[in-house]
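Heads up: the structure comes next, in structure tokens.
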Amino acid sequence: MRKVQRKNPGITRNIETVVMATKAIHPKREIEPSFVPVAQAIFLSCSIDRRCKSFKRRGCVGSGMTHLFGIQGEQKTFEIGGVKVGGQPGVNPTVLIGSIFYRGHRIVKDETRGTFDRGKAEDLINRQDELVDETGNPCMIDVVGVSEEALRNYIDFVSASTDAPILMDGGTAANNIAGLQYVKESGLIDRIVYNSLVPDCRQAEIEKIKEVGLGSAVLLAMNTKDFTARGRVTAIDDLLRKTDGAGIEKPLLDTCVLDMPTLGQACQAIAELKSKHGLPAGCGAHNAVSTWKTLKPKFGQKAVEPCTASADILAVAVGADFILYGPIETADYVFPAAGMVNAALAQIAMERGVKIDKTHPRFRVAQFRG
């Protein structure tokens with residue numbers, strides 16, 4: 001006989017209570033479908049928090065696995081191009097990073113030459129900047145280019161269109177090395193984050209980073225021999241040793257989401273890496289949905305947005321300092337969802353006596369207006 005999995009009635013009642021209370025206080029406000037998975041992620045994190053404490057008392061969890069509303073050890077906060085990233089969960093809002101000019105992006109006319117619809121690109125960039133003001137979540141922008149020429153054109157345009165830091169994503173070592181030389185000559189080096197270095201990256205990449213004086217890079221926990229959470233931690237350990245002395249003083253640790261199952265491993269690695277190294281950690285959570293081939297056939301197009309938001313906020317709920325949320329077009333529903341979880345975590349931090357900045361989502365998205 002097949003066993004029937006039972007839902008946790010406590011969590012279900014808590015979610016229902018939040019939804020009912022929101023309707024009662026704000027009867028004119030429509031409860032969006034994505035609200036329920038947001039609430040579910042928050043209550044699930046509370047449940048995991050209690051379980052982790054129980055496991056730790058029984059010796060099942062190491063000292064690095066602390067609860068989700070506070071990470072053990074000193075947490076470093078970096079400022080990159082005027083944007084703060086890192087620290088204890090709830091204190092600094094999650095930095096949200098949208099990708100533009102990615103492969104298949106409809107605004108791109110010629111991906112090799114780097115020609116594109118400038119008006120549409122500017123609208124997308126401006127909308128992300130507007131959402132920063134509306135939610136309190138800071139942003140960066142991931143600029144993807146498949147050739148040296150395209151990367152130069154895109155960086156020129158984006159750097160003139162926004163003050164946000166830029167992740168330089170050339171796809172190949174050769175493109176990124178050429179891009180490093182260009183941003184150095186253009187005076188943009190302080191706004192650039194190298195995206196990305198992997199454990200088997202070329203030594204020429206590291207040498208060029210040192211030569212041009214780039215201070216920030218994404219270290220991607222791609223471990224082809226061990227796809228577990230532990231393997232991701234090992235990959236970052238190896239990368240930190242490999243890049244030691246290159247001048248990368250502000251590394252961002254990407255715990256590598258490849259598909260739906262690896263989202264959980266990546267989230268666990270975020271908590272473990274922050275506890276071990278105290279460095280900003282995050283992931284490209286949207287990959288869990290973008291590689292989910294049966295999502296639309298089974299559940300329809302309407303399921304894509306709430307699932308994407310849920311993937312992102314799961315990582316936010318476990319303490320991610322940054323999220324590569326995928327196509328910049330999805331900013332309209334990713335920013336409010338992430339801002340809501342940031343506001344919830346900030347309240348916990350405030351109860352611990354932490355002072356939260358007034359620009360935080362706690363004071364922006366959490367303020368209801370009739």
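Chain labels A, B, ... are given in the sequence in which chains occur in the structure tokens; within each chain residues are numbered consecutively from 1, and ligands are likewise numbered from 1 in the order shown.
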
Selection near A:Gly81, 9 Å with only C-alpha atoms, sequence-local residues under 4 positions removed, as a CSV table (one decimal) with N, CA and C atoms, in the first residue's frame:
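Output (around_9.csv):
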```csv
chain,number,residue,atom,x,y,z
A,163,ASP,N,23.8,53.6,-12.6
A,163,ASP,CA,24.9,53.6,-11.7
A,163,ASP,C,25.2,52.3,-11.1
A,164,ALA,N,24.4,51.3,-11.4
A,164,ALA,CA,24.5,50.0,-10.7
A,164,ALA,C,25.8,49.3,-11.1
A,165,PRO,N,26.4,48.5,-10.2
A,165,PRO,CA,27.5,47.7,-10.5
A,165,PRO,C,27.2,46.7,-11.7
A,166,ILE,N,28.2,46.3,-12.4
A,166,ILE,CA,28.0,45.5,-13.6
A,166,ILE,C,28.8,44.2,-13.4
A,190,ASP,N,36.1,50.0,-11.1
A,190,ASP,CA,35.6,49.9,-9.7
A,190,ASP,C,34.1,49.5,-9.7
A,191,ARG,N,33.4,49.5,-10.9
A,191,ARG,CA,32.0,49.1,-11.0
A,191,ARG,C,31.9,47.7,-11.5
A,192,ILE,N,33.0,47.0,-11.8
A,192,ILE,CA,32.9,45.7,-12.4
A,192,ILE,C,33.1,44.5,-11.5
```

For A:Cys267, the nearest of the candidates A:Asp142, A:Asp133, A:Asp321, A:Glu111, counting only C-alpha atoms: A:Asp321

Write out as a VMD selection string the set of residues from stretch 219-363 of chain A that DSSP, computed on the backbone, places in strand (DSSP E or B). chain A and resid 219 to 220 250 to 254 281 to 283 322 to 327

Write out the residues from the selection above, keeping C-alpha atoms, as a PDB file, in the first residue's frame.
```pdb
ATOM      1  CA  LEU A 219      33.499  32.511  -7.405  1.00  0.00           C
ATOM      2  CA  LEU A 220      31.292  29.739  -8.787  1.00  0.00           C
ATOM      3  CA  LYS A 250      35.523  41.326  -2.451  1.00  0.00           C
ATOM      4  CA  PRO A 251      34.619  37.829  -3.631  1.00  0.00           C
ATOM      5  CA  LEU A 252      30.975  36.841  -4.083  1.00  0.00           C
ATOM      6  CA  LEU A 253      30.359  33.119  -3.544  1.00  0.00           C
ATOM      7  CA  ASP A 254      27.865  31.600  -6.001  1.00  0.00           C
ATOM      8  CA  ALA A 281      27.077  34.149  -0.699  1.00  0.00           C
ATOM      9  CA  GLY A 282      24.149  33.659  -3.066  1.00  0.00           C
ATOM     10  CA  CYS A 283      23.092  31.801  -6.190  1.00  0.00           C
ATOM     11  CA  PHE A 322      22.613  38.220  -3.561  1.00  0.00           C
ATOM     12  CA  ILE A 323      20.409  36.504  -6.114  1.00  0.00           C
ATOM     13  CA  LEU A 324      21.061  36.212  -9.837  1.00  0.00           C
ATOM     14  CA  TYR A 325      17.366  36.211 -10.648  1.00  0.00           C
ATOM     15  CA  GLY A 326      17.646  35.645 -14.388  1.00  0.00           C
ATOM     16  CA  PRO A 327      16.156  37.742 -17.214  1.00  0.00           C
TER      17      PRO A 327
END
```

Every residue of stretch 236-322 of chain A that DSSP places in alpha helix (DSSP H), as a PyMOL selection string: chain A and resi 236-242+260-277+287-290+295-299+304-317

How about saving the chosen residues, N, CA and C atoms kept, as a short mmCIF file (atom, residue, chain, number, x, y, z; two decimals), in the first residue's frame?
```cif
data_model
loop_
_atom_site.label_atom_id
_atom_site.label_comp_id
_atom_site.auth_asym_id
_atom_site.auth_seq_id
_atom_site.Cartn_x
_atom_site.Cartn_y
_atom_site.Cartn_z
N ILE A 236 34.60 26.08 -3.34
CA ILE A 236 34.90 27.45 -2.93
C ILE A 236 36.21 27.50 -2.15
N ASP A 237 36.44 26.53 -1.29
CA ASP A 237 37.72 26.47 -0.56
C ASP A 237 38.88 26.44 -1.55
N ASP A 238 38.74 25.62 -2.58
CA ASP A 238 39.80 25.51 -3.59
C ASP A 238 39.99 26.83 -4.34
N LEU A 239 38.87 27.48 -4.68
CA LEU A 239 38.95 28.74 -5.41
C LEU A 239 39.58 29.85 -4.57
N LEU A 240 39.26 29.90 -3.30
CA LEU A 240 39.84 30.92 -2.43
C LEU A 240 41.35 30.74 -2.33
N ARG A 241 41.80 29.49 -2.28
CA ARG A 241 43.24 29.25 -2.26
C ARG A 241 43.87 29.61 -3.61
N LYS A 242 43.18 29.26 -4.69
CA LYS A 242 43.73 29.50 -6.02
C LYS A 242 43.85 30.98 -6.34
N MET A 260 16.32 22.00 -10.38
CA MET A 260 15.50 22.03 -9.18
C MET A 260 16.15 21.33 -7.98
N PRO A 261 16.64 20.08 -8.11
CA PRO A 261 17.23 19.42 -6.94
C PRO A 261 18.44 20.16 -6.38
N THR A 262 19.26 20.76 -7.27
CA THR A 262 20.47 21.41 -6.78
C THR A 262 20.17 22.74 -6.08
N LEU A 263 18.96 23.24 -6.20
CA LEU A 263 18.59 24.45 -5.47
C LEU A 263 18.72 24.22 -3.97
N GLY A 264 18.26 23.06 -3.50
CA GLY A 264 18.38 22.76 -2.08
C GLY A 264 19.82 22.66 -1.63
N GLN A 265 20.66 22.00 -2.44
CA GLN A 265 22.08 21.88 -2.11
C GLN A 265 22.75 23.25 -2.08
N ALA A 266 22.38 24.10 -3.04
CA ALA A 266 22.96 25.44 -3.11
C ALA A 266 22.57 26.26 -1.89
N CYS A 267 21.32 26.12 -1.45
CA CYS A 267 20.86 26.87 -0.28
C CYS A 267 21.59 26.42 0.99
N GLN A 268 21.79 25.12 1.13
CA GLN A 268 22.53 24.62 2.28
C GLN A 268 23.97 25.14 2.25
N ALA A 269 24.56 25.16 1.06
CA ALA A 269 25.94 25.63 0.93
C ALA A 269 26.07 27.11 1.27
N ILE A 270 25.03 27.90 0.98
CA ILE A 270 25.05 29.31 1.34
C ILE A 270 25.27 29.47 2.84
N ALA A 271 24.46 28.77 3.64
CA ALA A 271 24.57 28.87 5.10
C ALA A 271 25.93 28.37 5.59
N GLU A 272 26.40 27.26 5.01
CA GLU A 272 27.67 26.70 5.46
C GLU A 272 28.85 27.60 5.09
N LEU A 273 28.83 28.16 3.89
CA LEU A 273 29.94 29.02 3.46
C LEU A 273 29.97 30.33 4.23
N LYS A 274 28.79 30.90 4.49
CA LYS A 274 28.76 32.14 5.27
C LYS A 274 29.29 31.89 6.69
N SER A 275 28.92 30.76 7.25
CA SER A 275 29.40 30.43 8.59
C SER A 275 30.91 30.17 8.59
N LYS A 276 31.41 29.52 7.54
CA LYS A 276 32.83 29.14 7.49
C LYS A 276 33.73 30.31 7.15
N HIS A 277 33.34 31.11 6.14
CA HIS A 277 34.22 32.16 5.64
C HIS A 277 33.74 33.57 5.96
N ASN A 287 17.63 29.23 -12.10
CA ASN A 287 17.96 28.06 -12.91
C ASN A 287 17.11 26.85 -12.54
N ALA A 288 16.63 26.81 -11.30
CA ALA A 288 15.78 25.71 -10.87
C ALA A 288 14.49 25.67 -11.68
N VAL A 289 14.04 26.84 -12.13
CA VAL A 289 12.79 26.93 -12.89
C VAL A 289 13.06 26.93 -14.39
N SER A 290 14.12 27.64 -14.82
CA SER A 290 14.39 27.73 -16.27
C SER A 290 14.75 26.38 -16.88
N LEU A 295 7.38 22.11 -16.51
CA LEU A 295 6.58 23.06 -15.74
C LEU A 295 5.38 23.57 -16.53
N LYS A 296 5.64 24.17 -17.69
CA LYS A 296 4.53 24.73 -18.47
C LYS A 296 3.62 23.66 -19.07
N PRO A 297 4.16 22.54 -19.58
CA PRO A 297 3.25 21.50 -20.08
C PRO A 297 2.32 20.94 -19.01
N LYS A 298 2.78 20.81 -17.80
CA LYS A 298 1.97 20.22 -16.73
C LYS A 298 1.08 21.23 -16.02
N PHE A 299 1.61 22.46 -15.80
CA PHE A 299 0.91 23.41 -14.95
C PHE A 299 0.53 24.71 -15.65
N VAL A 304 4.68 29.78 -13.94
CA VAL A 304 6.08 30.15 -14.06
C VAL A 304 6.47 31.26 -13.09
N GLU A 305 5.67 32.32 -13.04
CA GLU A 305 6.03 33.45 -12.19
C GLU A 305 6.07 33.10 -10.70
N PRO A 306 5.01 32.47 -10.14
CA PRO A 306 5.09 32.13 -8.72
C PRO A 306 6.21 31.13 -8.42
N CYS A 307 6.50 30.21 -9.32
CA CYS A 307 7.58 29.26 -9.08
C CYS A 307 8.94 29.96 -9.11
N THR A 308 9.11 30.88 -10.05
CA THR A 308 10.36 31.64 -10.11
C THR A 308 10.55 32.47 -8.85
N ALA A 309 9.49 33.15 -8.43
CA ALA A 309 9.58 33.94 -7.20
C ALA A 309 9.88 33.05 -6.00
N SER A 310 9.25 31.88 -5.95
CA SER A 310 9.46 30.96 -4.83
C SER A 310 10.90 30.46 -4.77
N ALA A 311 11.47 30.15 -5.94
CA ALA A 311 12.86 29.70 -5.97
C ALA A 311 13.79 30.78 -5.43
N ASP A 312 13.56 32.01 -5.86
CA ASP A 312 14.40 33.12 -5.41
C ASP A 312 14.26 33.35 -3.91
N ILE A 313 13.02 33.35 -3.41
CA ILE A 313 12.84 33.69 -1.99
C ILE A 313 13.24 32.55 -1.07
N LEU A 314 13.30 31.32 -1.59
CA LEU A 314 13.84 30.24 -0.77
C LEU A 314 15.29 30.55 -0.42
N ALA A 315 16.05 30.98 -1.42
CA ALA A 315 17.44 31.34 -1.17
C ALA A 315 17.54 32.56 -0.25
N VAL A 316 16.66 33.54 -0.45
CA VAL A 316 16.65 34.72 0.42
C VAL A 316 16.38 34.31 1.86
N ALA A 317 15.44 33.37 2.04
CA ALA A 317 15.03 32.97 3.39
C ALA A 317 16.15 32.27 4.15
#
```

So that I can see what lies close to A:His360, please list as a short mmCIF file (atom, residue, chain, number, x, y, z; two decimals) with C-alpha atoms, in the first residue's frame the residues with an atom at most 7 Å from it, counting only C-alpha atoms and leaving out residues fewer than 4 positions away in the same chain.
```cif
data_model
loop_
_atom_site.label_atom_id
_atom_site.label_comp_id
_atom_site.auth_asym_id
_atom_site.auth_seq_id
_atom_site.Cartn_x
_atom_site.Cartn_y
_atom_site.Cartn_z
CA PRO A 93 18.70 43.61 1.94
CA GLY A 136 14.70 49.01 -0.95
CA ILE A 356 17.88 48.67 10.38
CA ARG A 364 9.36 50.33 2.20
#
```

Could you check which of A:Gly187, A:Gly278, A:Gly171, A:Gly119 is closest to A:Ile71, using only C-alpha atoms? A:Gly278

Nearest-residue call for A:Ala160, choices A:Asn126, A:Gln367, A:Asn176, A:Ser99, using only C-alpha atoms: A:Asn126

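For the set A:Gly247, A:Gly114, A:Gly170, A:Gly104, the residue with the smallest atom-to-atom gap to A:Asp156 is A:Gly114, counting only C-alpha atoms.
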
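Atom pair atom CA of A:Ala221 / atom CA of A:Val198: separated by 6.7 Å.
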
Shell of 12 Å around A:Arg202, only C-alpha atoms, local chain residues under 2 positions omitted, as a PyMOL selection string: chain A and resi 172-174+176-177+196-200+204-209+239+242-243

Writing out the chosen residues with C-alpha atoms as a PDB file, in the first residue's frame:
```
ATOM      1  CA  THR A 172      34.632  32.535 -22.217  1.00  0.00           C
ATOM      2  CA  ALA A 173      37.959  33.317 -20.598  1.00  0.00           C
ATOM      3  CA  ALA A 174      39.156  35.070 -23.769  1.00  0.00           C
ATOM      4  CA  ASN A 176      36.418  38.233 -20.173  1.00  0.00           C
ATOM      5  CA  ILE A 177      40.175  38.851 -20.337  1.00  0.00           C
ATOM      6  CA  SER A 196      32.858  34.141 -13.023  1.00  0.00           C
ATOM      7  CA  LEU A 197      35.815  32.056 -11.825  1.00  0.00           C
ATOM      8  CA  VAL A 198      35.458  28.278 -11.456  1.00  0.00           C
ATOM      9  CA  PRO A 199      37.894  25.838  -9.821  1.00  0.00           C
ATOM     10  CA  ASP A 200      39.433  24.863 -13.174  1.00  0.00           C
ATOM     11  CA  ALA A 204      45.573  33.747 -17.352  1.00  0.00           C
ATOM     12  CA  GLU A 205      42.239  34.963 -15.972  1.00  0.00           C
ATOM     13  CA  ILE A 206      43.617  35.305 -12.467  1.00  0.00           C
ATOM     14  CA  GLU A 207      46.781  37.008 -13.697  1.00  0.00           C
ATOM     15  CA  LYS A 208      44.765  39.520 -15.736  1.00  0.00           C
ATOM     16  CA  ILE A 209      42.516  40.277 -12.764  1.00  0.00           C
ATOM     17  CA  LEU A 239      38.948  28.745  -5.408  1.00  0.00           C
ATOM     18  CA  LYS A 242      43.733  29.499  -6.023  1.00  0.00           C
ATOM     19  CA  THR A 243      42.890  33.220  -6.157  1.00  0.00           C
TER      20      THR A 243
END
```

Who sits within 12 Å of A:Val108, only C-alpha atoms, same chain under 2 positions skipped, as an NGL selection string: :A and (100-106 or 110-121 or 144-146 or 150 or 153-154)

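Each of A:Met222, A:Val334, A:Ile107, A:Met340 was checked against A:Gln128 using only C-alpha atoms; the smallest atom-to-atom distance is that of A:Val334.
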
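Using only C-alpha atoms, the shortest contact distance between A:Glu329 and any of A:Leu124, A:Asp226, A:Val212, A:Val132 is found at A:Leu124.
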